[in-house]
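One structure below.
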Amino acid sequence: MSTRPGANPVVPTDRPPSVDALARTLASTGLPATICVDIARDAIAAGDPASAPARASAFRRTLLTPVVNATGVLLHTNLGRAPLAVEQDERPINVELDLATGERGSRQRAVGQLFARLCAADAAMVVNNNAAAVMLVLAAHAYNRGVAVSRGESVEIGGAFRVPDVMEQSGATLIDVGTTNRTRLSDYAKAIARPGTDIALTMKVHPSNFRIEGFVEDTSVAELATLAVPVVADIGSGLIDEECPWLSGPPPAWLNGEPGARQTIAAGASLVTFSADKLLGGPQAGIIVGRADFVAACERHPLARALRPGGLVLSALQTTALSYLDRRAATDVAFWRMVATPVAELERRANALCSARDDARPSATTALPGAGSAPGAEMPSFGIAVPGDHLAALREQPTPIIARVRDGVTYIDLRSVEPADDPLIGTALAALPASAV
């Protein structure tokens with residue numbers, strides 16, 4: 001820098017901006033000021049202040065945000081399973097207040113009575129997911145005792161959820177019966193009669209995400225109910241009624257063999273557990289239905305408090321249950337709306353959207369229930385095929401669009417897309433590059 005009298009000082013041009021000044025340029029991202037400051041500080045420390053906007057955008061992508069599910073997997077575990085709209089007044093909810101007496105009431109009463117009615121059971125209660133429901137049932141009814149489970153049903157499902165591990169955490173002891181592919185009623189009976197074996201329950205477990213075919217044999221709930229110990233059935237996917245009375249026509253063919261809670265109770269199960277965010281189409285929760293004394297024992301167990309849901313979940317479950325009781329689930333529950341959409345309607349939407357770009361074409365596709373529901377089941381669908389892998393570009397949309405790629409072609413399956421989101425699909429298609437690596 002020159003020090004000659006009267007000379008204009010030379011200001012270094014590579015001086016980084018202040019953290020505060022750079023953070024203020026990120027205000028339009030909508031991120032809290034403290035996070036903008038951290039992002040600005042990191043960008044300056046890296047010697048790349050110009051990267052601050054990209055860093056802010058990347059941070060926002062780590063937050064929860066609504067997306068468009070165009071994968072054709074209707075219950076996508078990575079996308080929260082059943083899509084659900086929740087509207088809640090900013091008012092307290094009488095979660096544990098009995099409005100008739102003004103005294104403290106039961107958190108389980110309101111929703112429990114609805115699911116008991118739906119499943120034709122004596123009673124019901126709610127916990128925060130189905131794994132919790134299974135663990136609570138076992139802890140309340142089989143602590144330090146045995147539970148007989150077919151080897152073919154001692155399964156592991158998503159997230160490393162293993163029946164033996166859950167049983168161990170509950171304090172119950174797993175008693176393997178039968179073989180992987182064939183388990184008869186006599187196998188359970190022999191285990192129960194074996195000297196020194198204290199079996200509290202037999203347990204029927206839904207295979208969830210796999211199917212064994214060929215030389216197989218299993219034992220039904222009705223057969224297990226003839227034994228000297230109670231039977232608990234984990235039906236997993238949450239189909240309320242195999243007859244699907246909320247639909248205008250017969251049950252979909254892909255539901256063949258899927259156990260319903262109502263039928264499982266009628267077959268003689270003392271307790272049935274299932275997920276609320278699969279075929280039920282509600283929020284994440286676990287439902288326990290069955291005999292009043294068995295449900296009451298679960299409610300009294302210390303774990304029940306640790307596993308109880310909050311008011312928002314209970315409110316959403318109540319709305320879902322009322323839709324079923326009022327036979328409105330086919331229109332009110334997003335999952336069943338997607339299931340019931342005719343293929344011809346999906347094809348019409350695909351044809352309209354393909355006008356957004358020259359290389360897009362309508363394509364017949366195959367959709368899946370997903371989330372371990374009805375393993376192996378498929379349903380016809382329709383969507384849009386675009387040459388190239390455009391998954392990253394679709395995820396970069398203001399409302400991210402989640403699609404899938406097969407054989408170098410991007411497929412947007414419309415069965416899992418609400419019609420209201422079609423304009424988002426059209427805008428994204430028009431913005432895609434001509435080709436993608």
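How things are named: the first chain in the structure tokens is A, the next is B, and so on; residues count from 1 in each chain; ligands count from 1 in the order shown.
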
Filtered DSSP result for segment 70-240 of chain A, state alpha helix (DSSP H), as number ranges by chain: A: 109-118, 130-142, 163-170, 185-193, 221-224

Can you tell me, as a PyMOL selection string, which residues in segment 74-305 of chain A count as strand (DSSP E or B) by DSSP? chain A and resi 76+81+97+104+123-127+146-150+156-157+161-162+173-177+182+199-205+217+231-236+271-275+286-290

Nearest to Cys244 of chain A among A:Ala330, A:Leu424, A:Ala316, A:Gly383, with distances taken over only C-alpha atoms: which residue is it? A:Ala330

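Using only C-alpha atoms, the protein and nucleic acid residues lying no more than 6 Å from Gly290 of chain A, apart from those fewer than 4 places from it along its own chain, are Ala121, Asp122, Ala123, Ser270 and Leu271 of chain A.
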
Output for the residues just chosen: N, CA and C atoms as a PDB file, in the first residue's frame:
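After the write, out21.pdb holds the following:
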ATOM      1  N   ALA A 121     -64.154 -55.397  18.581  1.00  0.00           N
ATOM      2  CA  ALA A 121     -63.421 -55.894  19.742  1.00  0.00           C
ATOM      3  C   ALA A 121     -63.989 -55.268  21.013  1.00  0.00           C
ATOM      4  N   ASP A 122     -63.588 -55.822  22.162  1.00  0.00           N
ATOM      5  CA  ASP A 122     -64.048 -55.279  23.437  1.00  0.00           C
ATOM      6  C   ASP A 122     -63.433 -53.913  23.731  1.00  0.00           C
ATOM      7  N   ALA A 123     -62.143 -53.776  23.419  1.00  0.00           N
ATOM      8  CA  ALA A 123     -61.417 -52.560  23.800  1.00  0.00           C
ATOM      9  C   ALA A 123     -60.239 -52.353  22.869  1.00  0.00           C
ATOM     10  N   SER A 270     -56.907 -63.090  21.205  1.00  0.00           N
ATOM     11  CA  SER A 270     -57.159 -62.305  22.419  1.00  0.00           C
ATOM     12  C   SER A 270     -56.723 -60.867  22.232  1.00  0.00           C
ATOM     13  N   LEU A 271     -55.645 -60.666  21.475  1.00  0.00           N
ATOM     14  CA  LEU A 271     -55.167 -59.324  21.152  1.00  0.00           C
ATOM     15  C   LEU A 271     -54.675 -59.304  19.710  1.00  0.00           C
TER      16      LEU A 271
END

Near Thr365 of chain A, counting only C-alpha atoms, which residues have an atom at most 9 Å away, once you skip same-chain residues fewer than 3 positions from it, shown as a PDB file with C-alpha atoms, in the first residue's frame?
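Saved as selection.pdb:
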ATOM      1  CA  GLY A  72     -45.590 -45.478  -7.458  1.00  0.00           C
ATOM      2  CA  MET A 379     -51.524 -52.820  -8.981  1.00  0.00           C
ATOM      3  CA  PRO A 380     -51.724 -51.432 -12.533  1.00  0.00           C
ATOM      4  CA  SER A 381     -50.829 -47.793 -12.909  1.00  0.00           C
ATOM      5  CA  PHE A 382     -49.852 -45.148 -15.443  1.00  0.00           C
ATOM      6  CA  GLY A 383     -47.266 -42.422 -15.553  1.00  0.00           C
ATOM      7  CA  ILE A 384     -44.674 -40.542 -17.587  1.00  0.00           C
ATOM      8  CA  TYR A 411     -40.528 -42.743 -14.488  1.00  0.00           C
ATOM      9  CA  ASP A 413     -45.875 -42.786 -11.546  1.00  0.00           C
TER      10      ASP A 413
END

Check the smallest atom-to-atom distance from each of A:Ala334, A:Leu314, A:Val149, A:Val67 to Glu96 of chain A using only C-alpha atoms, then report the winner. A:Leu314

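Atom CA of Phe115 of chain A is found 21.7 Å from atom CA of Ala371 of chain A.
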
Hey, which of A:Asp241, A:Glu168, A:Glu378, A:Asp42 ends up closest to Trp254 of chain A? Count only C-alpha atoms. A:Glu378

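Taking only C-alpha atoms, the non-local environment of Ile235 of chain A within 8 Å (same-chain residues fewer than 6 positions away omitted) comprises Lys204, Val205, His206, Pro259, Gly260, Ala261, Val272, Thr273 and Phe274 of chain A.
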
Residues as selected, C-alpha atoms, written as a PDB file, in the first residue's frame, can you do that?
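Result went into part-v2.pdb, see below:
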ATOM      1  CA  LYS A 204     -48.962 -65.144  14.984  1.00  0.00           C
ATOM      2  CA  VAL A 205     -46.700 -62.679  13.121  1.00  0.00           C
ATOM      3  CA  HIS A 206     -47.453 -61.136   9.735  1.00  0.00           C
ATOM      4  CA  PRO A 259     -55.384 -60.396   7.324  1.00  0.00           C
ATOM      5  CA  GLY A 260     -57.976 -57.931   8.600  1.00  0.00           C
ATOM      6  CA  ALA A 261     -58.181 -56.883  12.243  1.00  0.00           C
ATOM      7  CA  VAL A 272     -54.344 -57.955  17.702  1.00  0.00           C
ATOM      8  CA  THR A 273     -51.658 -55.346  16.990  1.00  0.00           C
ATOM      9  CA  PHE A 274     -51.132 -53.327  13.817  1.00  0.00           C
TER      10      PHE A 274
END

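Take the candidates A:Leu74, A:Leu307, A:Leu414, A:Ala321 and check each one against Leu353 of chain A using only C-alpha atoms; the shortest distance goes to A:Leu414.
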
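Checking A:Gly268, A:Pro252, A:Pro195, A:Gly286 one by one against Leu224 of chain A, counting only C-alpha atoms, you find the shortest gap at A:Gly268.
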
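Shortest separation to Trp336 of chain A among A:Cys119, A:Ala43, A:Leu391, A:Ala82 occurs at residue A:Ala82, atoms counted being only C-alpha atoms.
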
Quick one: residues within 10 Å of Ala228 of chain A, only C-alpha atoms, excluding same-chain residues fewer than 4 positions away - as a ChimeraX atom specification? /A:189,192-193,199-202,224

Save the residues we just selected, N, CA and C atoms, as a PDB file, in the first residue's frame?
ATOM      1  N   ALA A 189     -48.852 -77.229  20.219  1.00  0.00           N
ATOM      2  CA  ALA A 189     -49.375 -78.031  21.321  1.00  0.00           C
ATOM      3  C   ALA A 189     -48.256 -78.762  22.052  1.00  0.00           C
ATOM      4  N   ILE A 192     -46.344 -76.282  24.244  1.00  0.00           N
ATOM      5  CA  ILE A 192     -47.103 -75.902  25.437  1.00  0.00           C
ATOM      6  C   ILE A 192     -47.071 -77.015  26.473  1.00  0.00           C
ATOM      7  N   ALA A 193     -47.129 -78.266  26.015  1.00  0.00           N
ATOM      8  CA  ALA A 193     -47.176 -79.408  26.924  1.00  0.00           C
ATOM      9  C   ALA A 193     -45.809 -79.839  27.432  1.00  0.00           C
ATOM     10  N   ILE A 199     -45.354 -71.417  28.874  1.00  0.00           N
ATOM     11  CA  ILE A 199     -45.730 -70.601  27.729  1.00  0.00           C
ATOM     12  C   ILE A 199     -46.978 -69.790  28.076  1.00  0.00           C
ATOM     13  N   ALA A 200     -46.844 -68.467  27.978  1.00  0.00           N
ATOM     14  CA  ALA A 200     -47.960 -67.570  28.300  1.00  0.00           C
ATOM     15  C   ALA A 200     -48.848 -67.295  27.104  1.00  0.00           C
ATOM     16  N   LEU A 201     -48.247 -67.253  25.898  1.00  0.00           N
ATOM     17  CA  LEU A 201     -48.980 -66.863  24.689  1.00  0.00           C
ATOM     18  C   LEU A 201     -48.491 -67.663  23.498  1.00  0.00           C
ATOM     19  N   THR A 202     -49.353 -67.846  22.513  1.00  0.00           N
ATOM     20  CA  THR A 202     -48.892 -68.161  21.164  1.00  0.00           C
ATOM     21  C   THR A 202     -49.018 -66.868  20.361  1.00  0.00           C
ATOM     22  N   LEU A 224     -55.025 -71.767  16.400  1.00  0.00           N
ATOM     23  CA  LEU A 224     -54.277 -71.443  17.614  1.00  0.00           C
ATOM     24  C   LEU A 224     -55.205 -71.138  18.779  1.00  0.00           C
TER      25      LEU A 224
END
